[in-house]
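This is run04.cif. It holds mmCIF, C-alpha atoms.
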```
data_final
loop_
_atom_site.label_atom_id
_atom_site.label_comp_id
_atom_site.auth_asym_id
_atom_site.auth_seq_id
_atom_site.Cartn_x
_atom_site.Cartn_y
_atom_site.Cartn_z
CA GLU L 1 33.94 75.36 104.08
CA ASP L 2 37.04 73.20 104.42
CA GLN L 3 36.32 69.64 103.44
CA VAL L 4 38.03 66.27 102.95
CA THR L 5 36.33 63.59 100.85
CA GLN L 6 37.64 60.05 100.49
CA SER L 7 36.62 57.56 97.82
CA PRO L 8 35.63 54.85 97.52
CA GLU L 9 34.01 54.26 100.92
CA ALA L 10 34.90 50.58 100.66
CA LEU L 11 37.22 48.63 98.37
CA ARG L 12 37.55 44.88 98.05
CA LEU L 13 40.65 43.53 96.32
CA GLN L 14 42.13 40.16 95.63
CA GLU L 15 45.62 39.59 96.97
CA GLY L 16 48.07 41.01 94.44
CA GLU L 17 45.49 43.27 92.76
CA SER L 18 46.90 46.82 92.82
CA SER L 19 44.62 49.84 93.23
CA SER L 20 44.42 53.43 94.48
CA LEU L 21 42.50 55.29 97.15
CA ASN L 22 41.54 58.91 96.62
CA CYS L 23 41.45 61.87 98.99
CA SER L 24 40.15 65.16 97.59
CA TYR L 25 40.25 68.32 99.66
CA THR L 26 39.13 71.93 99.65
CA VAL L 27 40.95 74.12 102.14
CA SER L 28 41.92 77.76 102.13
CA GLY L 29 45.59 76.92 102.36
CA LEU L 30 47.21 73.52 102.75
CA ARG L 31 49.88 73.14 105.40
CA GLY L 32 50.09 69.37 105.15
CA LEU L 33 48.21 66.20 104.20
CA PHE L 34 48.44 63.10 106.37
CA TRP L 35 47.61 59.45 105.71
CA TYR L 36 46.74 57.05 108.52
CA ARG L 37 45.86 53.38 108.79
CA GLN L 38 43.24 52.32 111.35
CA ASP L 39 42.59 48.74 112.40
CA PRO L 40 39.26 47.84 114.07
CA GLY L 41 39.09 48.96 117.69
CA LYS L 42 42.46 50.75 117.49
CA GLY L 43 43.66 54.31 117.10
CA PRO L 44 44.92 55.56 113.73
CA GLU L 45 48.53 54.73 112.89
CA PHE L 46 50.51 57.42 111.09
CA LEU L 47 51.75 56.51 107.60
CA PHE L 48 52.79 59.60 105.60
CA THR L 49 52.94 63.38 105.55
CA LEU L 50 52.89 65.32 102.26
CA TYR L 51 53.48 69.07 102.23
CA SER L 52 53.55 70.23 98.60
CA ALA L 53 52.13 69.28 95.22
CA GLY L 54 54.30 66.78 93.39
CA GLU L 55 55.62 65.22 96.57
CA GLU L 56 55.63 61.42 96.90
CA LYS L 57 56.31 59.11 99.83
CA GLU L 58 56.69 55.32 99.87
CA LYS L 59 56.56 52.62 102.52
CA GLU L 60 56.58 48.96 101.58
CA ARG L 61 53.57 48.39 99.29
CA LEU L 62 52.15 51.89 99.85
CA LYS L 63 52.89 55.06 97.89
CA ALA L 64 51.25 58.43 98.58
CA THR L 65 51.15 61.28 96.07
CA LEU L 66 49.85 64.84 96.27
CA THR L 67 48.42 67.34 93.78
CA LYS L 68 46.87 70.74 94.44
CA LYS L 69 43.41 69.23 94.84
CA GLU L 70 43.84 65.60 95.85
CA SER L 71 46.06 62.85 97.13
CA PHE L 72 46.27 59.21 96.14
CA LEU L 73 47.34 56.24 98.19
CA HIS L 74 48.54 53.58 95.77
CA ILE L 75 48.65 50.00 97.00
CA THR L 76 50.85 47.67 94.97
CA ALA L 77 50.31 43.92 95.15
CA PRO L 78 48.34 44.12 98.42
CA LYS L 79 48.32 41.35 101.00
CA PRO L 80 45.52 40.40 103.43
CA GLU L 81 47.42 42.16 106.24
CA ASP L 82 46.90 45.46 104.38
CA SER L 83 43.18 45.21 105.19
CA ALA L 84 42.24 48.24 107.30
CA THR L 85 40.52 51.60 107.09
CA TYR L 86 42.75 54.27 105.55
CA LEU L 87 42.18 57.83 106.73
CA CYS L 88 43.23 61.06 105.08
CA ALA L 89 43.55 64.33 107.01
CA VAL L 90 44.54 67.86 106.05
CA GLN L 91 45.96 70.67 108.08
CA ALA L 92 44.79 74.06 106.87
CA ASP L 93 46.58 77.36 107.13
CA TYR L 94 44.45 79.18 109.66
CA GLY L 95 47.38 80.82 111.37
CA GLY L 96 47.72 79.72 114.97
CA SER L 97 45.55 76.64 114.50
CA GLN L 98 48.11 74.60 116.44
CA GLY L 99 48.06 71.70 114.02
CA ASN L 100 44.34 70.96 113.93
CA LEU L 101 43.46 68.28 111.39
CA ILE L 102 40.36 67.84 109.26
CA PHE L 103 39.71 64.14 108.66
CA GLY L 104 37.89 62.33 105.88
CA LYS L 105 35.56 59.44 106.67
CA GLY L 106 38.03 56.87 105.41
CA THR L 107 38.21 54.04 102.89
CA LYS L 108 37.72 50.53 104.24
CA LEU L 109 40.04 48.19 102.36
CA SER L 110 39.55 44.43 102.35
CA VAL L 111 42.13 42.20 100.70
CA LYS L 112 41.11 38.60 100.12
CA PRO L 113 43.67 35.79 99.79
CA SER S 114 60.70 56.23 121.86
CA GLN S 115 57.42 57.98 122.51
CA THR S 116 54.33 56.14 123.70
CA ILE S 117 50.80 57.25 124.46
CA HIS S 118 48.47 55.51 126.90
CA GLN S 119 44.71 55.83 127.25
CA TRP S 120 42.47 54.22 129.81
CA PRO S 121 40.12 52.63 130.26
CA ALA S 122 39.84 50.79 126.94
CA THR S 123 36.08 50.37 127.31
CA LEU S 124 33.55 52.04 129.59
CA VAL S 125 29.82 51.64 130.10
CA GLN S 126 28.16 54.47 131.99
CA PRO S 127 24.56 55.40 132.82
CA VAL S 128 23.06 58.65 131.57
CA GLY S 129 23.72 61.48 134.02
CA SER S 130 26.86 59.96 135.53
CA PRO S 131 30.25 61.73 135.55
CA LEU S 132 33.16 60.86 133.27
CA SER S 133 36.93 60.96 133.47
CA LEU S 134 39.16 59.63 130.71
CA GLU S 135 42.91 59.89 131.07
CA CYS S 136 45.71 60.09 128.53
CA THR S 137 49.44 60.19 129.23
CA VAL S 138 52.42 60.51 126.91
CA GLU S 139 55.91 59.19 127.60
CA GLY S 140 59.23 59.91 125.95
CA THR S 141 58.70 63.55 125.00
CA SER S 142 58.20 66.89 126.68
CA ASN S 143 55.82 69.79 126.01
CA PRO S 144 53.82 67.98 123.34
CA ASN S 145 50.64 69.34 121.77
CA LEU S 146 47.79 67.15 123.02
CA TYR S 147 44.41 66.47 121.40
CA TRP S 148 41.09 64.79 122.19
CA TYR S 149 39.00 63.45 119.30
CA ARG S 150 35.68 61.62 119.06
CA GLN S 151 34.98 59.12 116.30
CA ALA S 152 31.35 58.24 115.69
CA ALA S 153 30.24 55.42 113.38
CA GLY S 154 30.12 56.58 109.76
CA ARG S 155 31.69 59.93 110.56
CA GLY S 156 35.21 61.27 110.50
CA LEU S 157 37.26 62.05 113.57
CA GLN S 158 36.01 65.22 115.23
CA LEU S 159 38.45 67.35 117.19
CA LEU S 160 37.08 68.16 120.66
CA PHE S 161 39.95 69.87 122.50
CA TYR S 162 43.62 70.66 122.04
CA SER S 163 46.33 71.91 124.37
CA VAL S 164 49.72 73.46 123.71
CA GLY S 165 50.79 73.55 127.35
CA ILE S 166 49.86 72.99 130.99
CA GLY S 167 46.56 74.63 131.80
CA GLN S 168 46.05 75.80 128.19
CA ILE S 169 42.93 74.27 126.65
CA SER S 170 41.11 75.21 123.45
CA SER S 171 37.68 73.84 122.60
CA GLU S 172 36.63 73.22 119.01
CA VAL S 173 32.93 72.51 119.51
CA PRO S 174 30.42 73.43 122.21
CA GLN S 175 29.45 70.35 124.14
CA ASN S 176 28.85 68.57 127.40
CA LEU S 177 32.54 67.77 127.85
CA SER S 178 35.58 69.56 129.26
CA ALA S 179 39.32 68.92 129.22
CA SER S 180 42.20 69.65 131.54
CA ARG S 181 45.97 69.37 131.40
CA PRO S 182 47.26 69.27 134.97
CA GLN S 183 50.74 68.06 133.98
CA ASP S 184 52.89 68.41 130.89
CA ARG S 185 52.14 64.92 129.56
CA GLN S 186 48.70 64.29 131.03
CA PHE S 187 45.43 65.15 129.34
CA ILE S 188 42.03 64.46 130.92
CA LEU S 189 38.58 64.47 129.34
CA SER S 190 35.68 64.98 131.74
CA SER S 191 31.95 65.41 132.01
CA LYS S 192 29.75 66.19 135.01
CA LYS S 193 26.65 64.53 133.51
CA LEU S 194 26.82 62.22 130.51
CA LEU S 195 24.24 62.32 127.74
CA LEU S 196 23.26 59.50 125.38
CA SER S 197 24.85 61.50 122.56
CA ASP S 198 28.25 61.30 124.31
CA SER S 199 28.61 57.66 123.24
CA GLY S 200 31.50 57.04 120.87
CA PHE S 201 35.15 56.18 120.45
CA TYR S 202 37.41 58.73 122.16
CA LEU S 203 40.95 59.14 120.97
CA CYS S 204 43.86 61.05 122.46
CA ALA S 205 46.77 62.17 120.29
CA TRP S 206 50.04 64.06 120.62
CA SER S 207 52.34 65.91 118.25
CA TYR S 208 55.60 67.85 118.42
CA GLY S 209 53.79 70.92 117.15
CA GLU S 210 52.25 72.50 114.08
CA ASN S 211 52.87 70.80 110.73
CA GLN S 212 53.88 67.64 112.55
CA PRO S 213 51.96 64.36 112.39
CA GLN S 214 49.71 63.47 115.29
CA HIS S 215 50.16 60.11 116.98
CA PHE S 216 47.15 58.41 118.49
CA GLY S 217 46.44 56.19 121.45
CA ASP S 218 44.26 53.11 121.16
CA GLY S 219 41.15 54.91 122.32
CA THR S 220 38.31 54.42 124.80
CA ARG S 221 35.01 52.95 123.66
CA LEU S 222 32.33 54.77 125.69
CA SER S 223 28.77 53.44 125.79
CA ILE S 224 26.03 55.38 127.56
CA LEU S 225 22.98 53.44 128.76
#
```
Now that the file is in, can you turn its structure into structure tokens?
Amino acid sequence: EDQVTQSPEALRLQEGESSSLNCSYTVSGLRGLFWYRQDPGKGPEFLFTLYSAGEEKEKERLKATLTKKESFLHITAPKPEDSATYLCAVQADYGGSQGNLIFGKGTKLSVKP
Amino acid sequence: SQTIHQWPATLVQPVGSPLSLECTVEGTSNPNLYWYRQAAGRGLQLLFYSVGIGQISSEVPQNLSASRPQDRQFILSSKKLLLSDSGFYLCAWSYGENQPQHFGDGTRLSIL
């Protein structure tokens, strides 16, 4: 069964304390892996797409990496405004799936000043 | 630029009442459209997706239905709501397969 597991469920950091969030996946064939940020009461906001192992993407303090079994979202010197739930989703190669995503449950990040 | 609108933002409905949630996309044509439900402590669950007007695919059997009467309009409906239909409903669009999905701000539905 295709599955996406994110860890930890919650992460509390001090401002400036770098860390990483993990997304491990088991799918029959990976078409793409997506990272989103979700603020309370809002819809997910797209951050990155990764398509192949070894690929990396960066945006401000965030850097996403991909291996054949997992992805990491590295947060460098986080600020309180980085506090949010970070969601990982994978698109599997079902052929004709029309882009359907399988989401993890997310990691809730809290950054204290 | 593309924008996606969902309404209402919050809704409180009694059990057994009908439902209609609307989603519209601006700034693009012929998008793929999606309805998701997000329950507390669970990941987003895909309910329906559409690749064109009148074309709807359902991912899970349920009390809900979807329609796409216009290219950029997606509607989620129910004839009789159940308590288990409570949740956060999200609409999303994408350019197609392998492309990221972009979400609206959702509707918080509470069933009493």
*Residues of chain S no more than 10 Å from chain L, counting all atoms listed in the file: send them over as a count of residues only.*
38
*asked:* List as a ChimeraX atom specification the protein and nucleic acid residues near stretch 130-139 of chain S, meaning an atom at most 10 Å away when only C-alpha atoms are counted, but skip any in the same chain fewer than 3 places from it.
replied: /S:114-122,124,126-127,142-144,146-148,177-181,183-195,202-206,217,219-220,222,224
*Between L:Lys59, L:Lys112, L:Ser18, L:Leu11, which is the closest to L:Ile75 once you count all atoms listed in the file?*
L:Ser18
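Note that the spacing between atom CA of L:Thr76 and atom CA of L:Ala10 amounts to 17.2 Å.
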*Kindly give the distance, in Å, that separates atom CA of L:Glu58 and atom CA of L:Ser7, rounded to a single decimal.*
20.3 Å
*Work out how far apart atom CA of L:Leu21 and atom CA of L:Ser52 are and give it in Å to one decimal.*
18.6 Å
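Listed by chain and then by number, the residues chosen by the PyMOL selection byres ((chain L and resi 68-74) around 8) in this file are Ser18, Ser19, Ser20, Leu21, Asn22, Cys23, Ser24, Tyr25, Thr26, Ser52, Ala53, Leu62, Lys63, Ala64, Thr65, Leu66, Thr67, Ile75 and Thr76 of chain L.
Excluding L:Lys79 and any residue on its chain fewer than 5 positions from it, the residues at most 8 Å away by only C-alpha atoms are Glu15, Gly16, Val111, Lys112 and Pro113 of chain L.
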Emit the selected residues as a PDB file, in the coordinates of the input, including C-alpha atoms.
```pdb
ATOM      1  CA  GLU L  15      45.620  39.590  96.970  1.00  0.00           C
ATOM      2  CA  GLY L  16      48.070  41.010  94.440  1.00  0.00           C
ATOM      3  CA  VAL L 111      42.130  42.200 100.700  1.00  0.00           C
ATOM      4  CA  LYS L 112      41.110  38.600 100.120  1.00  0.00           C
ATOM      5  CA  PRO L 113      43.670  35.790  99.790  1.00  0.00           C
TER       6      PRO L 113
END
```
*Smallest atom-to-atom distance to L:Glu17: which of L:Glu55, L:Asp2, L:Asp82, L:Glu60, using all atoms listed in the file?*
L:Asp82
Could you get me a file of stretch 31-59 of chain L with N, CA, C and O atoms, as a PDB file, in the first residue's frame, taken from the block above?
```pdb
ATOM      1  N   ARG L  31       6.308   9.816  -9.158  1.00  0.00           N
ATOM      2  CA  ARG L  31       6.283  10.830 -10.209  1.00  0.00           C
ATOM      3  C   ARG L  31       6.793  12.169  -9.682  1.00  0.00           C
ATOM      4  O   ARG L  31       7.416  12.931 -10.411  1.00  0.00           O
ATOM      5  N   GLY L  32       6.510  12.453  -8.417  1.00  0.00           N
ATOM      6  CA  GLY L  32       6.934  13.714  -7.852  1.00  0.00           C
ATOM      7  C   GLY L  32       6.645  13.761  -6.366  1.00  0.00           C
ATOM      8  O   GLY L  32       5.761  13.061  -5.877  1.00  0.00           O
ATOM      9  N   LEU L  33       7.429  14.563  -5.644  1.00  0.00           N
ATOM     10  CA  LEU L  33       7.210  14.766  -4.208  1.00  0.00           C
ATOM     11  C   LEU L  33       7.040  16.259  -3.980  1.00  0.00           C
ATOM     12  O   LEU L  33       7.802  17.071  -4.520  1.00  0.00           O
ATOM     13  N   PHE L  34       6.036  16.619  -3.199  1.00  0.00           N
ATOM     14  CA  PHE L  34       5.670  18.018  -3.014  1.00  0.00           C
ATOM     15  C   PHE L  34       5.712  18.375  -1.535  1.00  0.00           C
ATOM     16  O   PHE L  34       5.266  17.611  -0.685  1.00  0.00           O
ATOM     17  N   TRP L  35       6.229  19.569  -1.237  1.00  0.00           N
ATOM     18  CA  TRP L  35       6.204  20.107   0.118  1.00  0.00           C
ATOM     19  C   TRP L  35       5.267  21.315   0.153  1.00  0.00           C
ATOM     20  O   TRP L  35       5.306  22.174  -0.749  1.00  0.00           O
ATOM     21  N   TYR L  36       4.453  21.356   1.225  1.00  0.00           N
ATOM     22  CA  TYR L  36       3.532  22.457   1.443  1.00  0.00           C
ATOM     23  C   TYR L  36       3.686  22.982   2.860  1.00  0.00           C
ATOM     24  O   TYR L  36       4.057  22.257   3.763  1.00  0.00           O
ATOM     25  N   ARG L  37       3.324  24.246   3.026  1.00  0.00           N
ATOM     26  CA  ARG L  37       3.221  24.859   4.344  1.00  0.00           C
ATOM     27  C   ARG L  37       1.750  25.180   4.586  1.00  0.00           C
ATOM     28  O   ARG L  37       1.071  25.711   3.697  1.00  0.00           O
ATOM     29  N   GLN L  38       1.249  24.860   5.792  1.00  0.00           N
ATOM     30  CA  GLN L  38      -0.141  25.158   6.111  1.00  0.00           C
ATOM     31  C   GLN L  38      -0.218  25.919   7.431  1.00  0.00           C
ATOM     32  O   GLN L  38       0.216  25.423   8.468  1.00  0.00           O
ATOM     33  N   ASP L  39      -0.787  27.116   7.370  1.00  0.00           N
ATOM     34  CA  ASP L  39      -1.043  27.899   8.567  1.00  0.00           C
ATOM     35  C   ASP L  39      -2.433  27.552   9.102  1.00  0.00           C
ATOM     36  O   ASP L  39      -3.305  27.120   8.337  1.00  0.00           O
ATOM     37  N   PRO L  40      -2.669  27.736  10.404  1.00  0.00           N
ATOM     38  CA  PRO L  40      -3.954  27.362  10.996  1.00  0.00           C
ATOM     39  C   PRO L  40      -5.133  28.013  10.282  1.00  0.00           C
ATOM     40  O   PRO L  40      -5.134  29.222  10.022  1.00  0.00           O
ATOM     41  N   GLY L  41      -6.133  27.200   9.947  1.00  0.00           N
ATOM     42  CA  GLY L  41      -7.344  27.709   9.316  1.00  0.00           C
ATOM     43  C   GLY L  41      -7.198  28.085   7.860  1.00  0.00           C
ATOM     44  O   GLY L  41      -8.116  28.664   7.267  1.00  0.00           O
ATOM     45  N   LYS L  42      -6.052  27.770   7.262  1.00  0.00           N
ATOM     46  CA  LYS L  42      -5.793  28.112   5.857  1.00  0.00           C
ATOM     47  C   LYS L  42      -5.534  26.860   5.029  1.00  0.00           C
ATOM     48  O   LYS L  42      -5.282  25.786   5.562  1.00  0.00           O
ATOM     49  N   GLY L  43      -5.583  27.025   3.706  1.00  0.00           N
ATOM     50  CA  GLY L  43      -5.224  25.923   2.831  1.00  0.00           C
ATOM     51  C   GLY L  43      -3.720  25.803   2.705  1.00  0.00           C
ATOM     52  O   GLY L  43      -2.980  26.753   2.976  1.00  0.00           O
ATOM     53  N   PRO L  44      -3.218  24.630   2.319  1.00  0.00           N
ATOM     54  CA  PRO L  44      -1.777  24.451   2.139  1.00  0.00           C
ATOM     55  C   PRO L  44      -1.226  25.378   1.060  1.00  0.00           C
ATOM     56  O   PRO L  44      -1.860  25.596   0.030  1.00  0.00           O
ATOM     57  N   GLU L  45      -0.012  25.877   1.323  1.00  0.00           N
ATOM     58  CA  GLU L  45       0.688  26.753   0.373  1.00  0.00           C
ATOM     59  C   GLU L  45       1.851  25.976  -0.225  1.00  0.00           C
ATOM     60  O   GLU L  45       2.701  25.453   0.502  1.00  0.00           O
ATOM     61  N   PHE L  46       1.903  25.917  -1.544  1.00  0.00           N
ATOM     62  CA  PHE L  46       2.938  25.143  -2.224  1.00  0.00           C
ATOM     63  C   PHE L  46       4.326  25.730  -1.976  1.00  0.00           C
ATOM     64  O   PHE L  46       4.527  26.951  -2.072  1.00  0.00           O
ATOM     65  N   LEU L  47       5.297  24.834  -1.676  1.00  0.00           N
ATOM     66  CA  LEU L  47       6.679  25.261  -1.476  1.00  0.00           C
ATOM     67  C   LEU L  47       7.599  24.721  -2.579  1.00  0.00           C
ATOM     68  O   LEU L  47       8.258  25.491  -3.267  1.00  0.00           O
ATOM     69  N   PHE L  48       7.680  23.391  -2.696  1.00  0.00           N
ATOM     70  CA  PHE L  48       8.647  22.771  -3.604  1.00  0.00           C
ATOM     71  C   PHE L  48       8.059  21.546  -4.288  1.00  0.00           C
ATOM     72  O   PHE L  48       7.208  20.870  -3.731  1.00  0.00           O
ATOM     73  N   THR L  49       8.619  21.243  -5.470  1.00  0.00           N
ATOM     74  CA  THR L  49       8.419  19.960  -6.124  1.00  0.00           C
ATOM     75  C   THR L  49       9.780  19.337  -6.388  1.00  0.00           C
ATOM     76  O   THR L  49      10.705  20.016  -6.862  1.00  0.00           O
ATOM     77  N   LEU L  50       9.920  18.043  -6.079  1.00  0.00           N
ATOM     78  CA  LEU L  50      11.132  17.287  -6.364  1.00  0.00           C
ATOM     79  C   LEU L  50      10.744  16.084  -7.206  1.00  0.00           C
ATOM     80  O   LEU L  50       9.777  15.389  -6.880  1.00  0.00           O
ATOM     81  N   TYR L  51      11.487  15.811  -8.276  1.00  0.00           N
ATOM     82  CA  TYR L  51      11.090  14.747  -9.187  1.00  0.00           C
ATOM     83  C   TYR L  51      12.020  13.539  -9.184  1.00  0.00           C
ATOM     84  O   TYR L  51      11.605  12.440  -9.529  1.00  0.00           O
ATOM     85  N   SER L  52      13.310  13.748  -8.830  1.00  0.00           N
ATOM     86  CA  SER L  52      14.236  12.616  -8.907  1.00  0.00           C
ATOM     87  C   SER L  52      15.228  12.660  -7.761  1.00  0.00           C
ATOM     88  O   SER L  52      15.552  13.737  -7.224  1.00  0.00           O
ATOM     89  N   ALA L  53      15.714  11.480  -7.383  1.00  0.00           N
ATOM     90  CA  ALA L  53      16.670  11.360  -6.291  1.00  0.00           C
ATOM     91  C   ALA L  53      17.901  12.210  -6.572  1.00  0.00           C
ATOM     92  O   ALA L  53      18.426  12.236  -7.694  1.00  0.00           O
ATOM     93  N   GLY L  54      18.349  12.915  -5.529  1.00  0.00           N
ATOM     94  CA  GLY L  54      19.503  13.788  -5.669  1.00  0.00           C
ATOM     95  C   GLY L  54      19.134  15.248  -5.922  1.00  0.00           C
ATOM     96  O   GLY L  54      19.962  16.144  -5.803  1.00  0.00           O
ATOM     97  N   GLU L  55      17.871  15.469  -6.249  1.00  0.00           N
ATOM     98  CA  GLU L  55      17.427  16.822  -6.539  1.00  0.00           C
ATOM     99  C   GLU L  55      17.289  17.635  -5.255  1.00  0.00           C
ATOM    100  O   GLU L  55      16.919  17.094  -4.217  1.00  0.00           O
ATOM    101  N   GLU L  56      17.602  18.933  -5.330  1.00  0.00           N
ATOM    102  CA  GLU L  56      17.481  19.831  -4.200  1.00  0.00           C
ATOM    103  C   GLU L  56      16.823  21.127  -4.667  1.00  0.00           C
ATOM    104  O   GLU L  56      17.043  21.571  -5.791  1.00  0.00           O
ATOM    105  N   LYS L  57      16.007  21.715  -3.774  1.00  0.00           N
ATOM    106  CA  LYS L  57      15.396  23.005  -4.057  1.00  0.00           C
ATOM    107  C   LYS L  57      15.535  23.879  -2.816  1.00  0.00           C
ATOM    108  O   LYS L  57      15.452  23.375  -1.694  1.00  0.00           O
ATOM    109  N   GLU L  58      15.724  25.191  -3.015  1.00  0.00           N
ATOM    110  CA  GLU L  58      15.881  26.106  -1.897  1.00  0.00           C
ATOM    111  C   GLU L  58      14.966  27.310  -2.052  1.00  0.00           C
ATOM    112  O   GLU L  58      14.683  27.771  -3.168  1.00  0.00           O
ATOM    113  N   LYS L  59      14.509  27.799  -0.889  1.00  0.00           N
ATOM    114  CA  LYS L  59      13.713  29.021  -0.854  1.00  0.00           C
ATOM    115  C   LYS L  59      13.909  29.657   0.504  1.00  0.00           C
ATOM    116  O   LYS L  59      13.471  29.112   1.517  1.00  0.00           O
TER     117      LYS L  59
END
```
